[in-house]
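Here is the file model18.cif (mmCIF, C-alpha atoms).
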data_coords
#
loop_
_atom_site.group_PDB
_atom_site.id
_atom_site.type_symbol
_atom_site.label_atom_id
_atom_site.label_comp_id
_atom_site.auth_asym_id
_atom_site.auth_seq_id
_atom_site.Cartn_x
_atom_site.Cartn_y
_atom_site.Cartn_z
ATOM 1 C CA MET O 1325 275.798 34.650 76.815
ATOM 2 C CA GLU O 1326 279.559 34.422 77.314
ATOM 3 C CA ASN O 1327 281.464 37.354 78.814
ATOM 4 C CA ASN O 1328 284.901 38.845 78.311
ATOM 5 C CA VAL O 1329 287.413 39.791 81.021
ATOM 6 C CA PHE O 1330 285.518 43.051 81.624
ATOM 7 C CA GLY O 1331 282.233 41.195 82.305
ATOM 8 C CA GLU O 1332 280.783 42.434 79.018
ATOM 9 C CA PRO O 1333 279.491 40.303 76.109
ATOM 10 C CA LEU O 1334 282.339 38.395 74.478
ATOM 11 C CA GLU O 1335 283.287 39.840 71.083
ATOM 12 C CA SER O 1336 284.502 37.810 68.124
ATOM 13 C CA CYS O 1337 288.260 37.327 67.977
ATOM 14 C CA CYS O 1338 288.553 36.449 64.292
ATOM 15 C CA THR O 1339 286.670 34.774 61.475
ATOM 16 C CA ASN O 1340 289.504 34.856 58.914
ATOM 17 C CA PRO O 1341 291.179 32.642 59.854
ATOM 18 C CA LEU O 1342 288.265 31.086 61.712
ATOM 19 C CA THR O 1343 289.446 30.645 65.296
ATOM 20 C CA GLY O 1344 288.192 29.326 68.614
ATOM 21 C CA TYR O 1345 287.786 25.892 70.124
ATOM 22 C CA PHE O 1346 284.469 25.646 68.272
ATOM 23 C CA ARG O 1347 285.830 27.384 65.145
ATOM 24 C CA ASP O 1348 283.137 30.027 65.503
ATOM 25 C CA GLY O 1349 285.407 33.061 65.930
ATOM 26 C CA LEU O 1350 284.897 33.209 69.703
ATOM 27 C CA CYS O 1351 287.462 32.406 72.404
ATOM 28 C CA ARG O 1352 285.007 30.408 74.478
ATOM 29 C CA THR O 1353 285.568 27.064 76.109
ATOM 30 C CA ILE O 1354 284.050 23.952 77.669
ATOM 31 C CA ASP O 1355 285.453 21.401 80.113
ATOM 32 C CA GLN O 1356 286.640 19.166 77.245
ATOM 33 C CA ASP O 1357 288.872 22.014 75.973
ATOM 34 C CA THR O 1358 291.976 20.927 77.874
ATOM 35 C CA GLY O 1359 293.941 23.860 76.466
ATOM 36 C CA THR O 1360 291.430 26.482 77.623
ATOM 37 C CA HIS O 1361 291.539 28.484 74.358
ATOM 38 C CA THR O 1362 290.270 31.736 75.898
ATOM 39 C CA VAL O 1363 292.893 34.346 75.010
ATOM 40 C CA CYS O 1364 292.418 36.409 71.841
ATOM 41 C CA ALA O 1365 295.928 37.279 70.689
ATOM 42 C CA ILE O 1366 297.488 38.992 67.684
ATOM 43 C CA MET O 1367 300.228 36.736 66.378
ATOM 44 C CA THR O 1368 303.837 37.850 66.066
ATOM 45 C CA ASP O 1369 306.685 35.986 64.397
ATOM 46 C CA GLU O 1370 308.438 35.964 67.775
ATOM 47 C CA PHE O 1371 305.518 34.265 69.517
ATOM 48 C CA LEU O 1372 304.943 31.787 66.672
ATOM 49 C CA SER O 1373 308.619 30.735 66.838
ATOM 50 C CA PHE O 1374 308.426 30.496 70.639
ATOM 51 C CA SER O 1375 305.372 28.248 70.439
ATOM 52 C CA ALA O 1376 306.936 26.030 67.757
ATOM 53 C CA GLU O 1377 310.091 25.619 69.862
ATOM 54 C CA ARG O 1378 307.875 24.266 72.637
ATOM 55 C CA GLY O 1379 306.217 21.697 70.402
ATOM 56 C CA ASN O 1380 303.112 23.608 69.304
ATOM 57 C CA ASP O 1381 303.600 24.520 65.647
ATOM 58 C CA LEU O 1382 300.996 27.159 64.836
ATOM 59 C CA ILE O 1383 302.594 27.987 61.475
ATOM 60 C CA THR O 1384 302.033 24.769 59.494
ATOM 61 C CA PRO O 1385 298.502 24.259 58.111
ATOM 62 C CA MET O 1386 296.565 21.204 59.342
ATOM 63 C CA PRO O 1387 293.400 20.988 57.217
ATOM 64 C CA TYR O 1388 292.086 17.955 59.125
ATOM 65 C CA TYR O 1389 291.619 20.233 62.161
ATOM 66 C CA GLN O 1390 290.405 23.188 60.066
ATOM 67 C CA PHE O 1391 293.688 24.890 60.946
ATOM 68 C CA PRO O 1392 295.055 27.183 58.207
ATOM 69 C CA GLY O 1393 298.463 27.893 59.755
ATOM 70 C CA LEU O 1394 299.145 31.314 61.213
ATOM 71 C CA LYS O 1395 301.331 34.262 60.308
ATOM 72 C CA GLU O 1396 302.199 37.560 61.944
ATOM 73 C CA GLY O 1397 299.137 39.777 62.301
ATOM 74 C CA ASP O 1398 296.610 36.924 62.437
ATOM 75 C CA LYS O 1399 294.271 36.876 65.422
ATOM 76 C CA TRP O 1400 293.875 33.552 67.219
ATOM 77 C CA CYS O 1401 292.354 32.066 70.370
ATOM 78 C CA LEU O 1402 295.362 30.851 72.319
ATOM 79 C CA CYS O 1403 295.606 28.455 75.224
ATOM 80 C CA VAL O 1404 295.834 30.598 78.317
ATOM 81 C CA SER O 1405 298.711 28.482 79.692
ATOM 82 C CA ARG O 1406 300.795 29.027 76.517
ATOM 83 C CA TRP O 1407 300.195 32.767 76.671
ATOM 84 C CA ILE O 1408 301.277 32.855 80.336
ATOM 85 C CA GLU O 1409 304.375 30.830 79.464
ATOM 86 C CA ALA O 1410 305.193 33.273 76.657
ATOM 87 C CA GLU O 1411 304.626 36.250 78.948
ATOM 88 C CA LYS O 1412 307.115 34.874 81.487
ATOM 89 C CA ALA O 1413 309.628 34.413 78.658
ATOM 90 C CA GLY O 1414 309.108 37.952 77.321
ATOM 91 C CA LYS O 1415 307.478 36.717 74.090
ATOM 92 C CA ALA O 1416 303.767 37.270 74.729
ATOM 93 C CA PRO O 1417 301.692 38.764 71.919
ATOM 94 C CA LYS O 1418 299.234 41.639 72.342
ATOM 95 C CA LEU O 1419 295.679 40.768 73.326
ATOM 96 C CA ILE O 1420 292.228 41.871 72.309
ATOM 97 C CA LEU O 1421 290.637 41.922 75.741
ATOM 98 C CA GLU O 1422 287.095 42.490 74.497
ATOM 99 C CA ALA O 1423 287.405 39.075 72.799
ATOM 100 C CA THR O 1424 289.276 37.336 75.658
ATOM 101 C CA HIS O 1425 286.972 35.110 77.712
ATOM 102 C CA GLU O 1426 286.432 35.811 81.419
ATOM 103 C CA LYS O 1427 287.631 32.269 82.258
ATOM 104 C CA THR O 1428 291.137 33.601 81.553
ATOM 105 C CA LEU O 1429 290.916 35.399 84.905
ATOM 106 C CA GLU O 1430 291.024 32.013 86.642
ATOM 107 C CA HIS O 1431 294.637 31.765 85.444
ATOM 108 C CA THR O 1432 295.992 35.316 85.524
ATOM 109 C CA THR O 1433 295.073 38.836 86.590
ATOM 110 C CA LEU O 1434 293.257 41.555 84.716
ATOM 111 C CA ASP O 1435 296.139 43.921 85.527
ATOM 112 C CA LEU O 1436 298.593 41.674 83.686
ATOM 113 C CA LEU O 1437 296.252 41.269 80.719
ATOM 114 C CA ILE O 1438 295.790 45.036 80.466
ATOM 115 C CA LYS O 1439 299.577 45.466 80.100
ATOM 116 C CA TYR O 1440 299.287 43.503 76.854
ATOM 117 C CA ALA O 1441 296.083 45.051 75.581
ATOM 118 C CA TYR O 1442 296.069 45.941 71.913
ATOM 119 C CA LYS O 1443 295.336 49.642 71.486
ATOM 120 C CA LYS O 1444 292.983 50.211 68.546
#

Take the structure I supplied and represent it as structure tokens, if you would.
Amino acid sequence: MENNVFGEPLESCCTNPLTGYFRDGLCRTIDQDTGTHTVCAIMTDEFLSFSAERGNDLITPMPYYQFPGLKEGDKWCLCVSRWIEAEKAGKAPKLILEATHEKTLEHTTLDLLIKYAYKK
């Protein structure tokens, strides 16, 4: 069983669009996942533009990779390093911490993540 940043069972981030390294809705990872897709984020136009400007276009669909293209409001498992980069630039999206994998804590603090927690 995989855990979230609170040490509780990892919740699904999103199944429409189907996200996650394994495209199973969960922000879980393995060593071969060089991007460490562990952060469940709610997309904003500002973040999507920021990511595209840095060479990672998350807007354009890529069916070969089962990637539908994202829009504001979509939930997606982001690379933890991209989220940290966006946070430093003031462009980080809100997070669903219950669906953010505990491995994220190897890269940043729970206190910082809580500042960006989506309030249901």

Check your understanding: What do you get, as a list in words, if you spell out every residue that the PyMOL selection byres ((chain O and resi 1362) around 7) selects here?
Key -> Cys1351, Arg1352, Thr1353, Thr1360, His1361, Val1363, Cys1364, Cys1401, Leu1402, Cys1403, Val1404, Thr1424, His1425, Lys1427 and Thr1428 of chain O

**Study point:** Point-to-point distance in Å for CA of Ala1365 (chain O) and CA of Gly1344 (chain O)
**Key:** 11.3 Å

Exercise for review: Within 9 Å of Pro1417 (chain O), counting only C-alpha atoms, which residues show up once you throw out same-chain ones fewer than 3 positions away? Write them as a ChimeraX atom specification, please.
Suggested key: /O:1365-1368,1370-1371,1407,1410-1411,1440

Save out the residues we just selected, C-alpha atoms, as a PDB file, keeping the file's coordinate frame.
ATOM      1  CA  ALA O1365     295.928  37.279  70.689  1.00  0.00           C
ATOM      2  CA  ILE O1366     297.488  38.992  67.684  1.00  0.00           C
ATOM      3  CA  MET O1367     300.228  36.736  66.378  1.00  0.00           C
ATOM      4  CA  THR O1368     303.837  37.850  66.066  1.00  0.00           C
ATOM      5  CA  GLU O1370     308.438  35.964  67.775  1.00  0.00           C
ATOM      6  CA  PHE O1371     305.518  34.265  69.517  1.00  0.00           C
ATOM      7  CA  TRP O1407     300.195  32.767  76.671  1.00  0.00           C
ATOM      8  CA  ALA O1410     305.193  33.273  76.657  1.00  0.00           C
ATOM      9  CA  GLU O1411     304.626  36.250  78.948  1.00  0.00           C
ATOM     10  CA  TYR O1440     299.287  43.503  76.854  1.00  0.00           C
TER      11      TYR O1440
END

Check your understanding: Which polymer residues, protein or nucleic acid, are no farther than 9 Å from (283.9, 34.8, 62.5), counting all atoms listed in the file, as a ChimeraX atom specification?
Key -> /O:1336-1343,1347-1350

Practice item. Just the residues within 12 Å of region 1382-1388 of chain O, please, counting only C-alpha atoms, with nothing from its chain fewer than 3 positions along; format it as a PyMOL selection string. Key: chain O and resi 1341+1367-1379+1391-1396+1398-1403+1406

Would you give the centre and edge lengths, in Å to one decimal, of a box along x, y and z around the listed atoms of region 1418-1428 of chain O, with 3 Å added to each side, as JSON?
{"center_x": 292.8, "center_y": 37.4, "center_z": 77.3, "size_x": 18.8, "size_y": 16.2, "size_z": 15.9}

Exercise for review: Please determine the residues with any atom at most 12 Å from (282.6, 43.4, 74.1) (coordinates as given in the file, with all atoms listed in the file counting) and report them as a list in words.
Suggested key: Met1325, Glu1326, Asn1327, Asn1328, Val1329, Phe1330, Gly1331, Glu1332, Pro1333, Leu1334, Glu1335, Ser1336, Cys1337, Leu1350, Ile1420, Leu1421, Glu1422, Ala1423, Thr1424, His1425 and Glu1426 of chain O

Take the residues that were just selected and, keeping C-alpha atoms, output them as a CSV table (one decimal), keeping the file's coordinate frame.
chain,number,residue,atom,x,y,z
O,1325,MET,CA,275.8,34.6,76.8
O,1326,GLU,CA,279.6,34.4,77.3
O,1327,ASN,CA,281.5,37.4,78.8
O,1328,ASN,CA,284.9,38.8,78.3
O,1329,VAL,CA,287.4,39.8,81.0
O,1330,PHE,CA,285.5,43.1,81.6
O,1331,GLY,CA,282.2,41.2,82.3
O,1332,GLU,CA,280.8,42.4,79.0
O,1333,PRO,CA,279.5,40.3,76.1
O,1334,LEU,CA,282.3,38.4,74.5
O,1335,GLU,CA,283.3,39.8,71.1
O,1336,SER,CA,284.5,37.8,68.1
O,1337,CYS,CA,288.3,37.3,68.0
O,1350,LEU,CA,284.9,33.2,69.7
O,1420,ILE,CA,292.2,41.9,72.3
O,1421,LEU,CA,290.6,41.9,75.7
O,1422,GLU,CA,287.1,42.5,74.5
O,1423,ALA,CA,287.4,39.1,72.8
O,1424,THR,CA,289.3,37.3,75.7
O,1425,HIS,CA,287.0,35.1,77.7
O,1426,GLU,CA,286.4,35.8,81.4
